[in-house]
Amino acid sequence: MNRKEITDKLYNIARPYVQQKEALEDFSMDTDLLRDLKINSANLIDIVLDVEDEFGVSIENAEMELMINVRSVVELLENKLDAK
Amino acid sequence: MIGNDIIDLRIGVGKYKTDRREKWLQKIALPSEISLLNKWPESLCPDILWSIKESVFKCRTRSQFTRSFNPGDVQLIELKHQNFKEGAGVVKWNQESFTIRFLIEKHWLHAVASYGKQELYWRQVCFHEVPDHNEQSLQLRSMFLSDISRRISGHWFVEKCSNGLPELINRTGMKIPVSFSHHGQFGAWATLEEHIKLTE
């Protein structure tokens, strides 16, 4: 799976939890999940679970700390998918 | 330092996919915490644990600013309650200890965390409508200022510090840390009573 496919899937996963819908128009690698998209911090756990289901990977608690912006999530997923 | 978190129990955390509540809880809870909560109503467990951990995170962020949050780093080690309606507990985060208190009503749950056992000034409000996220934040700050004006005189306003955390500020530059939270139809704030008393 290439970076664009991962990013597109992540976009679709994050979309239902976004409170700042206008920010989705500028969705990019630098988009901050909490500050830009105003995703409720509890919904980050939902995103982790959705990502695990969608990509068939397991995200450890310590790795959740890395999930700050789109780039950090995509890179985490790239590493996990490469290791599969 | 202080942090707080309110949850609209009609929405709950991770509830909107109800089959995932258990999985959601496993993601944020340590085995020892599952044991602590084993007599709690199952439907409340994810909400109370999240609310406690989130309020501790907000409290700690006041003194040690960090963006990331690993719920597994935060360990609830003691939880006392009266009929699952109100209570208190202790949370450890590395070497630091936090006091948490909580109130549970029919439709909301509110947890507050502080470093010590200081007296708190914490309130919950209900929004008549559920406006968008930004509008709700503005309404909550307005309700807080209206409420606090009964306790303190002079012109006060709310501003965020350089780390994005809200403070109550007056024209002389006096600053009082305040924590806001809103979820669903409910909002809440918390600050330390000792800070309010300093202005009286």
# chains A, B, ... in the order shown; residues from 1 in each chain; ligands from 1

call {"tool": "residues_around", "arguments": {"residues": "Leu24 (chain A)", "least_positions_apart": "2", "cutoff": "9 Å", "atoms": "only C-alpha atoms", "output": "list in words"}}
result
Tyr11, Arg15, Val18, Gln20, Lys21, Glu22, Asp26, Phe27, Ser28, Thr31, Asp36 and Leu37 of chain A

call {"tool": "write_last_selection", "arguments": {"atoms": "all heavy atoms", "output": "short mmCIF file (atom, residue, chain, number, x, y, z; two decimals), in the first residue's frame"}}
result
data_model
loop_
_atom_site.label_atom_id
_atom_site.label_comp_id
_atom_site.auth_asym_id
_atom_site.auth_seq_id
_atom_site.Cartn_x
_atom_site.Cartn_y
_atom_site.Cartn_z
N TYR A 11 -7.92 9.42 6.11
CA TYR A 11 -8.89 10.51 5.96
C TYR A 11 -10.30 9.99 6.23
O TYR A 11 -11.08 10.59 6.97
CB TYR A 11 -8.78 11.09 4.54
CG TYR A 11 -9.81 12.15 4.21
CD1 TYR A 11 -9.52 13.50 4.42
CD2 TYR A 11 -11.04 11.82 3.67
CE1 TYR A 11 -10.46 14.48 4.12
CE2 TYR A 11 -11.99 12.79 3.36
CZ TYR A 11 -11.69 14.11 3.58
OH TYR A 11 -12.62 15.08 3.29
N ARG A 15 -12.60 11.18 9.41
CA ARG A 15 -13.70 12.11 9.05
C ARG A 15 -14.89 12.11 10.03
O ARG A 15 -15.35 13.19 10.43
CB ARG A 15 -14.17 11.82 7.63
CG ARG A 15 -15.08 12.91 7.07
CD ARG A 15 -15.32 12.72 5.61
NE ARG A 15 -15.75 11.36 5.30
CZ ARG A 15 -16.07 10.91 4.10
NH1 ARG A 15 -15.97 11.73 3.07
NH2 ARG A 15 -16.46 9.68 3.90
N VAL A 18 -14.20 14.27 13.21
CA VAL A 18 -13.72 15.64 13.08
C VAL A 18 -14.80 16.63 13.49
O VAL A 18 -15.93 16.56 13.03
CB VAL A 18 -13.29 15.91 11.62
CG1 VAL A 18 -12.98 17.39 11.40
CG2 VAL A 18 -12.08 15.06 11.27
N GLN A 20 -14.09 20.03 13.43
CA GLN A 20 -13.83 21.22 12.62
C GLN A 20 -13.86 20.77 11.15
O GLN A 20 -12.82 20.61 10.53
CB GLN A 20 -12.46 21.81 12.99
CG GLN A 20 -12.16 23.17 12.42
CD GLN A 20 -12.89 24.26 13.16
OE1 GLN A 20 -13.08 24.18 14.36
NE2 GLN A 20 -13.31 25.27 12.44
N LYS A 21 -15.11 20.58 10.64
CA LYS A 21 -15.26 19.96 9.32
C LYS A 21 -14.54 20.75 8.21
O LYS A 21 -14.05 20.17 7.25
CB LYS A 21 -16.74 19.82 8.96
CG LYS A 21 -17.54 18.93 9.91
CD LYS A 21 -17.18 17.46 9.76
CE LYS A 21 -18.04 16.58 10.67
NZ LYS A 21 -17.52 15.21 10.80
N GLU A 22 -14.49 22.09 8.37
CA GLU A 22 -13.85 22.91 7.32
C GLU A 22 -12.37 22.54 7.18
O GLU A 22 -11.80 22.69 6.09
CB GLU A 22 -13.96 24.40 7.63
CG GLU A 22 -15.36 24.91 7.95
CD GLU A 22 -15.75 24.70 9.40
OE1 GLU A 22 -15.10 25.29 10.27
OE2 GLU A 22 -16.70 23.94 9.65
N ASP A 26 -8.38 21.18 4.02
CA ASP A 26 -6.92 21.35 3.96
C ASP A 26 -6.18 20.14 4.53
O ASP A 26 -5.05 20.27 5.01
CB ASP A 26 -6.52 22.61 4.75
CG ASP A 26 -7.14 23.85 4.18
OD1 ASP A 26 -7.19 23.95 2.93
OD2 ASP A 26 -7.59 24.71 4.94
N PHE A 27 -6.85 19.00 4.51
CA PHE A 27 -6.24 17.78 5.06
C PHE A 27 -4.93 17.47 4.35
O PHE A 27 -4.90 17.30 3.13
CB PHE A 27 -7.23 16.62 4.88
CG PHE A 27 -6.87 15.37 5.63
CD1 PHE A 27 -7.25 15.18 6.95
CD2 PHE A 27 -6.15 14.35 5.00
CE1 PHE A 27 -6.93 14.02 7.63
CE2 PHE A 27 -5.83 13.18 5.68
CZ PHE A 27 -6.23 13.01 7.00
N SER A 28 -3.85 17.45 5.09
CA SER A 28 -2.54 17.20 4.50
C SER A 28 -1.67 16.46 5.51
O SER A 28 -2.11 16.19 6.64
CB SER A 28 -1.85 18.51 4.11
OG SER A 28 -1.44 19.18 5.29
N THR A 31 -1.50 18.20 8.87
CA THR A 31 -2.72 18.44 9.65
C THR A 31 -2.59 17.82 11.04
O THR A 31 -2.27 16.64 11.19
CB THR A 31 -3.95 17.84 8.93
OG1 THR A 31 -4.09 18.47 7.66
CG2 THR A 31 -5.21 18.05 9.74
N ASP A 36 -6.03 21.05 14.63
CA ASP A 36 -6.66 21.47 13.37
C ASP A 36 -8.04 20.84 13.18
O ASP A 36 -9.01 21.52 12.84
CB ASP A 36 -5.78 21.10 12.17
CG ASP A 36 -4.45 21.83 12.20
OD1 ASP A 36 -4.42 22.96 12.74
OD2 ASP A 36 -3.45 21.29 11.71
N LEU A 37 -8.12 19.55 13.40
CA LEU A 37 -9.38 18.84 13.16
C LEU A 37 -10.30 18.87 14.38
O LEU A 37 -11.47 18.53 14.28
CB LEU A 37 -9.10 17.39 12.76
CG LEU A 37 -8.24 17.20 11.51
CD1 LEU A 37 -8.05 15.71 11.21
CD2 LEU A 37 -8.86 17.87 10.29
#

call {"tool": "select_by_dssp", "arguments": {"residues": "chain B", "states": "helix (DSSP H, G or I)", "output": "VMD selection string"}}
result
chain B and resid 18 to 28 31 to 36 42 to 63 71 to 73 133 to 148 193 to 199

call {"tool": "atom_distance", "arguments": {"atom1": "CA of Asp8 (chain B)", "atom2": "CA of Leu120 (chain B)"}}
result
21.4 Å

call {"tool": "interface_residues", "arguments": {"of": "chain B", "to": "chain A", "cutoff": "7 Å", "atoms": "only C-alpha atoms", "output": "list of chain:residue names"}}
result
B:Val13, B:Gly14, B:Trp24, B:Ser68, B:Phe69, B:Asn70, B:Gly72, B:His133

call {"tool": "write_last_selection", "arguments": {"atoms": "all heavy atoms", "output": "PDB file, in the first residue's frame"}}
result
ATOM      1  N   VAL B  13     -17.964   7.714  25.980  1.00  0.00           N
ATOM      2  CA  VAL B  13     -16.740   7.613  25.199  1.00  0.00           C
ATOM      3  C   VAL B  13     -16.745   6.286  24.462  1.00  0.00           C
ATOM      4  O   VAL B  13     -17.046   5.253  25.035  1.00  0.00           O
ATOM      5  CB  VAL B  13     -15.477   7.717  26.084  1.00  0.00           C
ATOM      6  CG1 VAL B  13     -15.285   9.119  26.610  1.00  0.00           C
ATOM      7  CG2 VAL B  13     -15.517   6.731  27.232  1.00  0.00           C
ATOM      8  N   GLY B  14     -16.455   6.350  23.200  1.00  0.00           N
ATOM      9  CA  GLY B  14     -16.383   5.125  22.421  1.00  0.00           C
ATOM     10  C   GLY B  14     -17.688   4.355  22.382  1.00  0.00           C
ATOM     11  O   GLY B  14     -17.717   3.191  22.027  1.00  0.00           O
ATOM     12  N   TRP B  24     -12.497  -0.797  23.657  1.00  0.00           N
ATOM     13  CA  TRP B  24     -12.093   0.583  23.954  1.00  0.00           C
ATOM     14  C   TRP B  24     -11.514   0.652  25.367  1.00  0.00           C
ATOM     15  O   TRP B  24     -10.452   1.243  25.600  1.00  0.00           O
ATOM     16  CB  TRP B  24     -13.320   1.486  23.827  1.00  0.00           C
ATOM     17  CG  TRP B  24     -13.018   2.932  23.591  1.00  0.00           C
ATOM     18  CD1 TRP B  24     -13.002   3.582  22.400  1.00  0.00           C
ATOM     19  CD2 TRP B  24     -12.701   3.919  24.586  1.00  0.00           C
ATOM     20  NE1 TRP B  24     -12.686   4.904  22.584  1.00  0.00           N
ATOM     21  CE2 TRP B  24     -12.501   5.137  23.919  1.00  0.00           C
ATOM     22  CE3 TRP B  24     -12.572   3.887  25.969  1.00  0.00           C
ATOM     23  CZ2 TRP B  24     -12.188   6.311  24.573  1.00  0.00           C
ATOM     24  CZ3 TRP B  24     -12.247   5.061  26.633  1.00  0.00           C
ATOM     25  CH2 TRP B  24     -12.054   6.258  25.928  1.00  0.00           C
ATOM     26  N   SER B  68       1.498  14.750  23.635  1.00  0.00           N
ATOM     27  CA  SER B  68       1.110  13.356  23.481  1.00  0.00           C
ATOM     28  C   SER B  68       0.584  12.770  24.789  1.00  0.00           C
ATOM     29  O   SER B  68       0.926  13.229  25.875  1.00  0.00           O
ATOM     30  CB  SER B  68       2.295  12.538  22.983  1.00  0.00           C
ATOM     31  OG  SER B  68       3.374  12.716  23.855  1.00  0.00           O
ATOM     32  N   PHE B  69      -0.227  11.756  24.662  1.00  0.00           N
ATOM     33  CA  PHE B  69      -0.860  11.163  25.819  1.00  0.00           C
ATOM     34  C   PHE B  69      -0.962   9.661  25.634  1.00  0.00           C
ATOM     35  O   PHE B  69      -1.562   9.183  24.678  1.00  0.00           O
ATOM     36  CB  PHE B  69      -2.256  11.779  25.992  1.00  0.00           C
ATOM     37  CG  PHE B  69      -3.036  11.229  27.149  1.00  0.00           C
ATOM     38  CD1 PHE B  69      -2.417  10.862  28.327  1.00  0.00           C
ATOM     39  CD2 PHE B  69      -4.415  11.107  27.065  1.00  0.00           C
ATOM     40  CE1 PHE B  69      -3.153  10.371  29.402  1.00  0.00           C
ATOM     41  CE2 PHE B  69      -5.157  10.622  28.126  1.00  0.00           C
ATOM     42  CZ  PHE B  69      -4.528  10.251  29.299  1.00  0.00           C
ATOM     43  N   ASN B  70      -0.346   8.947  26.542  1.00  0.00           N
ATOM     44  CA  ASN B  70      -0.470   7.501  26.555  1.00  0.00           C
ATOM     45  C   ASN B  70      -1.250   7.117  27.809  1.00  0.00           C
ATOM     46  O   ASN B  70      -0.720   7.198  28.917  1.00  0.00           O
ATOM     47  CB  ASN B  70       0.927   6.874  26.563  1.00  0.00           C
ATOM     48  CG  ASN B  70       0.871   5.380  26.764  1.00  0.00           C
ATOM     49  OD1 ASN B  70      -0.201   4.784  26.852  1.00  0.00           O
ATOM     50  ND2 ASN B  70       2.033   4.759  26.840  1.00  0.00           N
ATOM     51  N   GLY B  72      -1.839   4.515  29.130  1.00  0.00           N
ATOM     52  CA  GLY B  72      -1.197   3.461  29.912  1.00  0.00           C
ATOM     53  C   GLY B  72      -0.171   3.981  30.907  1.00  0.00           C
ATOM     54  O   GLY B  72       0.219   3.278  31.843  1.00  0.00           O
ATOM     55  N   HIS B 133     -18.521  23.047  17.830  1.00  0.00           N
ATOM     56  CA  HIS B 133     -17.458  22.967  18.829  1.00  0.00           C
ATOM     57  C   HIS B 133     -16.983  24.352  19.283  1.00  0.00           C
ATOM     58  O   HIS B 133     -16.903  24.628  20.483  1.00  0.00           O
ATOM     59  CB  HIS B 133     -16.294  22.184  18.209  1.00  0.00           C
ATOM     60  CG  HIS B 133     -15.158  21.941  19.138  1.00  0.00           C
ATOM     61  ND1 HIS B 133     -15.134  20.899  20.026  1.00  0.00           N
ATOM     62  CD2 HIS B 133     -14.008  22.622  19.323  1.00  0.00           C
ATOM     63  CE1 HIS B 133     -14.015  20.942  20.716  1.00  0.00           C
ATOM     64  NE2 HIS B 133     -13.311  21.964  20.307  1.00  0.00           N
TER      65      HIS B 133
END

call {"tool": "residues_around", "arguments": {"residues": "Glu78 (chain B)", "least_positions_apart": "4", "cutoff": "12 Å", "atoms": "only C-alpha atoms", "output": "MDAnalysis selection string"}}
result
chainID B and resid 32:37 49 52 87:92 97:101

call {"tool": "atom_distance", "arguments": {"atom1": "CA of Trp40 (chain B)", "atom2": "CA of Asp73 (chain B)"}}
result
22.2 Å

call {"tool": "atom_distance", "arguments": {"atom1": "CA of Asp50 (chain A)", "atom2": "CA of Ala14 (chain A)"}}
result
8.9 Å

call {"tool": "select_by_dssp", "arguments": {"residues": "region 33-198 of chain B", "states": "strand (DSSP E)", "output": "ChimeraX atom specification"}}
result
/B:74-82,86-93,96-104,108-114,120-126,156-160,166-170,175-177,179-183,186-192

call {"tool": "residues_around", "arguments": {"residues": "region 2-8 of chain A", "least_positions_apart": "5", "cutoff": "8 Å", "atoms": "only C-alpha atoms", "output": "PyMOL selection string"}}
result
chain A and resi 70+74+77-78

call {"tool": "write_last_selection", "arguments": {"atoms": "N, CA and C atoms", "output": "JSON list (two decimals), in the first residue's frame"}}
result
[["chain", "number", "residue", "atom", "x", "y", "z"],
["A", 70, "VAL", "N", -1.15, 13.93, 10.84],
["A", 70, "VAL", "CA", -1.36, 12.93, 9.80],
["A", 70, "VAL", "C", -0.05, 12.24, 9.44],
["A", 74, "VAL", "N", 0.70, 8.25, 9.42],
["A", 74, "VAL", "CA", 1.01, 7.58, 8.14],
["A", 74, "VAL", "C", 2.37, 6.89, 8.25],
["A", 77, "LEU", "N", 2.11, 3.78, 10.27],
["A", 77, "LEU", "CA", 1.46, 2.71, 9.51],
["A", 77, "LEU", "C", 2.37, 2.15, 8.43],
["A", 78, "GLU", "N", 3.13, 3.03, 7.79],
["A", 78, "GLU", "CA", 4.08, 2.55, 6.77],
["A", 78, "GLU", "C", 5.06, 1.55, 7.40]]

call {"tool": "decode", "arguments": {"residues": "region 13-57 of chain A", "atoms": "C-alpha atoms", "output": "mmCIF file, in the first residue's frame"}}
result
data_model
loop_
_atom_site.group_PDB
_atom_site.id
_atom_site.type_symbol
_atom_site.label_atom_id
_atom_site.label_comp_id
_atom_site.auth_asym_id
_atom_site.auth_seq_id
_atom_site.Cartn_x
_atom_site.Cartn_y
_atom_site.Cartn_z
ATOM 1 C CA ILE A 13 -11.352 6.905 9.229
ATOM 2 C CA ALA A 14 -10.831 10.331 10.827
ATOM 3 C CA ARG A 15 -13.703 12.110 9.053
ATOM 4 C CA PRO A 16 -16.587 11.012 11.345
ATOM 5 C CA TYR A 17 -14.696 12.226 14.435
ATOM 6 C CA VAL A 18 -13.715 15.641 13.078
ATOM 7 C CA GLN A 19 -15.395 18.555 14.828
ATOM 8 C CA GLN A 20 -13.832 21.216 12.616
ATOM 9 C CA LYS A 21 -15.256 19.958 9.321
ATOM 10 C CA GLU A 22 -13.853 22.906 7.324
ATOM 11 C CA ALA A 23 -10.337 21.782 8.254
ATOM 12 C CA LEU A 24 -10.891 18.628 6.207
ATOM 13 C CA GLU A 25 -10.565 20.747 3.063
ATOM 14 C CA ASP A 26 -6.920 21.353 3.960
ATOM 15 C CA PHE A 27 -6.244 17.778 5.064
ATOM 16 C CA SER A 28 -2.536 17.196 4.497
ATOM 17 C CA MET A 29 0.465 15.493 6.055
ATOM 18 C CA ASP A 30 0.876 18.460 8.397
ATOM 19 C CA THR A 31 -2.718 18.440 9.648
ATOM 20 C CA ASP A 32 -2.775 18.213 13.437
ATOM 21 C CA LEU A 33 -5.402 15.773 14.664
ATOM 22 C CA LEU A 34 -6.350 17.659 17.821
ATOM 23 C CA ARG A 35 -5.569 21.287 17.010
ATOM 24 C CA ASP A 36 -6.664 21.474 13.366
ATOM 25 C CA LEU A 37 -9.383 18.843 13.161
ATOM 26 C CA LYS A 38 -10.507 19.355 16.778
ATOM 27 C CA ILE A 39 -10.848 15.640 17.252
ATOM 28 C CA ASN A 40 -11.952 14.853 20.779
ATOM 29 C CA SER A 41 -9.042 13.180 22.575
ATOM 30 C CA ALA A 42 -11.261 10.221 23.530
ATOM 31 C CA ASN A 43 -12.042 9.749 19.842
ATOM 32 C CA LEU A 44 -8.329 9.268 19.198
ATOM 33 C CA ILE A 45 -8.806 5.872 20.852
ATOM 34 C CA ASP A 46 -11.635 5.191 18.374
ATOM 35 C CA ILE A 47 -9.314 6.143 15.537
ATOM 36 C CA VAL A 48 -6.659 3.767 16.870
ATOM 37 C CA LEU A 49 -9.211 0.935 16.941
ATOM 38 C CA ASP A 50 -10.486 1.814 13.446
ATOM 39 C CA VAL A 51 -6.926 1.950 12.109
ATOM 40 C CA GLU A 52 -6.156 -1.451 13.639
ATOM 41 C CA ASP A 53 -9.243 -2.950 11.987
ATOM 42 C CA GLU A 54 -8.692 -1.283 8.615
ATOM 43 C CA PHE A 55 -4.977 -1.983 8.262
ATOM 44 C CA GLY A 56 -4.810 -5.247 10.202
ATOM 45 C CA VAL A 57 -2.116 -3.957 12.542
#
